Amino acid sequence: MVARFFGSLFGTPRPEDGAGQEPAAEADDDTRVAAGRGRLRSAVRAAGRELPRLISSQLRQIDDVLQPPADYARAQGASTEQRVLLEAMAVDYIPTPLNAYLALREEDRGESTRATALFAEQLAILYATAQDLNQQVRSGAITELSTYARFLDDKFGP
């Protein structure tokens with residue numbers, strides 16, 4: 001709702017109707033993450049030339065890194081902490097600063113402005129966090145496989 005208000009004040013494009021709305025409360029984690037990632041991709045496409053190439057590239061890289069943990073969480077499950085972080089990144093941590101950045105004046109969103117440099121730093125932190133999350137999910141899967149292997153070896157071993 002706030003993004004819509006500021007968007008109307010500053011004339012920033014709304015990526016798609018409902019971009020500022022939260023998914024329904026009854027939606028599960030996977031649905032909210034998928035919807036958040038979909039809105040993020042739509043926002044980046046809708047912003048088009050308003051985003052410097054660096055920012056657009058970083059946003060797409062973050063989305064690419066979030067894909068494997070989202071797929072794994074949907075297919076195999078993930079810890080509560082991992083799910084909460086994944087959802088928060090897709091629904092809040094990335095869209096909120098993106099909307100704030102798009103609400104800036106056009107001259108403040110140039111390739112070499114202070115606002116762009118600050119947003120790029122924030123996105124770099126989010127990218128590192130997404131990579132850590134991806135690694136946690138993968139190592140959790142490896143640990144789980146190792147546990148199952150030990151169980152099977154103990155149960156059916158010689």
# chains A, B, ... in the order shown; residues from 1 in each chain; ligands from 1
>>> closest_atom_pairs(of="segment 44-82 of chain A", to="segment 104-115 of chain A", cutoff="12 Å", atoms="only C-alpha atoms", output="CSV")
residue,atom,partner,partner_atom,distance
A:Ala47,CA,A:Arg109,CA,11.7
A:Arg49,CA,A:Arg109,CA,10.4
A:Glu50,CA,A:Arg109,CA,7.4
A:Leu51,CA,A:Arg109,CA,7.2
A:Pro52,CA,A:Glu111,CA,5.5
A:Arg53,CA,A:Glu111,CA,7.7
A:Leu54,CA,A:Glu111,CA,7.7
A:Ile55,CA,A:Glu111,CA,8.9
A:Ser56,CA,A:Glu111,CA,11.2
>>> write_last_selection(atoms="all heavy atoms", output="CSV table (one decimal), in the first residue's frame")
chain,number,residue,atom,x,y,z
A,47,ALA,N,10.6,-1.8,-14.6
A,47,ALA,CA,11.4,-0.6,-14.4
A,47,ALA,C,12.3,-0.3,-15.6
A,47,ALA,O,12.6,0.8,-15.9
A,47,ALA,CB,12.3,-0.8,-13.2
A,49,ARG,N,14.5,0.7,-18.3
A,49,ARG,CA,15.6,1.7,-18.4
A,49,ARG,C,15.8,2.6,-17.2
A,49,ARG,O,16.8,3.3,-17.1
A,49,ARG,CB,15.5,2.5,-19.6
A,49,ARG,CG,15.4,1.7,-20.9
A,49,ARG,CD,15.4,2.6,-22.1
A,49,ARG,NE,16.7,2.4,-22.8
A,49,ARG,CZ,17.1,3.1,-23.8
A,49,ARG,NH1,16.4,4.0,-24.2
A,49,ARG,NH2,18.2,2.8,-24.3
A,50,GLU,N,14.9,2.5,-16.3
A,50,GLU,CA,15.0,3.3,-15.0
A,50,GLU,C,16.0,2.8,-14.1
A,50,GLU,O,16.5,3.5,-13.2
A,50,GLU,CB,13.6,3.4,-14.3
A,50,GLU,CG,12.6,4.3,-15.1
A,50,GLU,CD,11.4,4.5,-14.4
A,50,GLU,OE1,11.5,4.9,-13.2
A,50,GLU,OE2,10.3,4.3,-14.9
A,51,LEU,N,16.4,1.5,-14.3
A,51,LEU,CA,17.4,0.9,-13.4
A,51,LEU,C,18.7,0.9,-14.2
A,51,LEU,O,18.8,0.5,-15.3
A,51,LEU,CB,17.0,-0.6,-13.1
A,51,LEU,CG,15.9,-0.8,-12.2
A,51,LEU,CD1,15.6,-2.3,-12.1
A,51,LEU,CD2,16.2,-0.3,-10.8
A,52,PRO,N,19.8,1.3,-13.5
A,52,PRO,CA,21.1,1.2,-14.1
A,52,PRO,C,21.4,-0.3,-14.3
A,52,PRO,O,20.9,-1.2,-13.7
A,52,PRO,CB,22.0,1.8,-13.0
A,52,PRO,CG,21.2,2.6,-12.2
A,52,PRO,CD,19.8,2.0,-12.2
A,53,ARG,N,22.3,-0.5,-15.3
A,53,ARG,CA,22.6,-1.9,-15.7
A,53,ARG,C,23.2,-2.7,-14.5
A,53,ARG,O,22.8,-3.9,-14.3
A,53,ARG,CB,23.6,-1.9,-16.8
A,53,ARG,CG,23.0,-1.5,-18.2
A,53,ARG,CD,24.0,-1.5,-19.2
A,53,ARG,NE,25.0,-0.5,-18.8
A,53,ARG,CZ,25.7,0.2,-19.7
A,53,ARG,NH1,25.6,0.0,-20.9
A,53,ARG,NH2,26.5,1.1,-19.2
A,54,LEU,N,24.0,-2.0,-13.7
A,54,LEU,CA,24.6,-2.7,-12.5
A,54,LEU,C,23.5,-3.2,-11.6
A,54,LEU,O,23.5,-4.4,-11.1
A,54,LEU,CB,25.5,-1.7,-11.7
A,54,LEU,CG,26.0,-2.2,-10.4
A,54,LEU,CD1,26.9,-3.4,-10.6
A,54,LEU,CD2,26.7,-1.1,-9.7
A,55,ILE,N,22.5,-2.4,-11.3
A,55,ILE,CA,21.4,-2.7,-10.4
A,55,ILE,C,20.6,-3.8,-11.0
A,55,ILE,O,20.2,-4.8,-10.3
A,55,ILE,CB,20.6,-1.5,-10.0
A,55,ILE,CG1,21.4,-0.4,-9.4
A,55,ILE,CG2,19.3,-1.9,-9.2
A,55,ILE,CD1,22.0,-0.8,-8.0
A,56,SER,N,20.2,-3.7,-12.2
A,56,SER,CA,19.4,-4.7,-12.9
A,56,SER,C,20.1,-6.0,-12.9
A,56,SER,O,19.5,-7.1,-12.6
A,56,SER,CB,19.1,-4.3,-14.3
A,56,SER,OG,18.3,-5.2,-15.0
>>> residues_around(residues="segment 120-130 of chain A", least_positions_apart="3", cutoff="8 Å", atoms="only C-alpha atoms", output="list in words")
Leu54, Ile55, Gln58, Leu59, Gln61, Ile62, Val65, Leu66, Met89, Tyr93, Ile94, Thr116, Ala117, Leu133 and Asn134 of chain A
>>> residues_around(residues="Arg37 of chain A", least_positions_apart="6", cutoff="10 Å", atoms="only C-alpha atoms", output="list in words")
Thr31, Ala43, Asp63, Asp64, Leu66, Gln67, Ala70, Glu87, Met89, Ala90, Val91, Ile94 and Pro95 of chain A
>>> residues_around(residues="segment 71-83 of chain A", least_positions_apart="6", cutoff="8 Å", atoms="only C-alpha atoms", output="PyMOL selection string")
chain A and resi 29-30+133+137
>>> atom_distance(atom1="atom CA of Arg150 of chain A", atom2="atom CA of Arg138 of chain A")
18.5 Å
>>> atom_distance(atom1="atom CA of Asp92 of chain A", atom2="atom CA of Val33 of chain A")
10.4 Å
>>> closest_residue(among="A:Leu98, A:Pro68, A:Ser57, A:Asp132", to="Phe119 of chain A", atoms="only C-alpha atoms")
A:Leu98
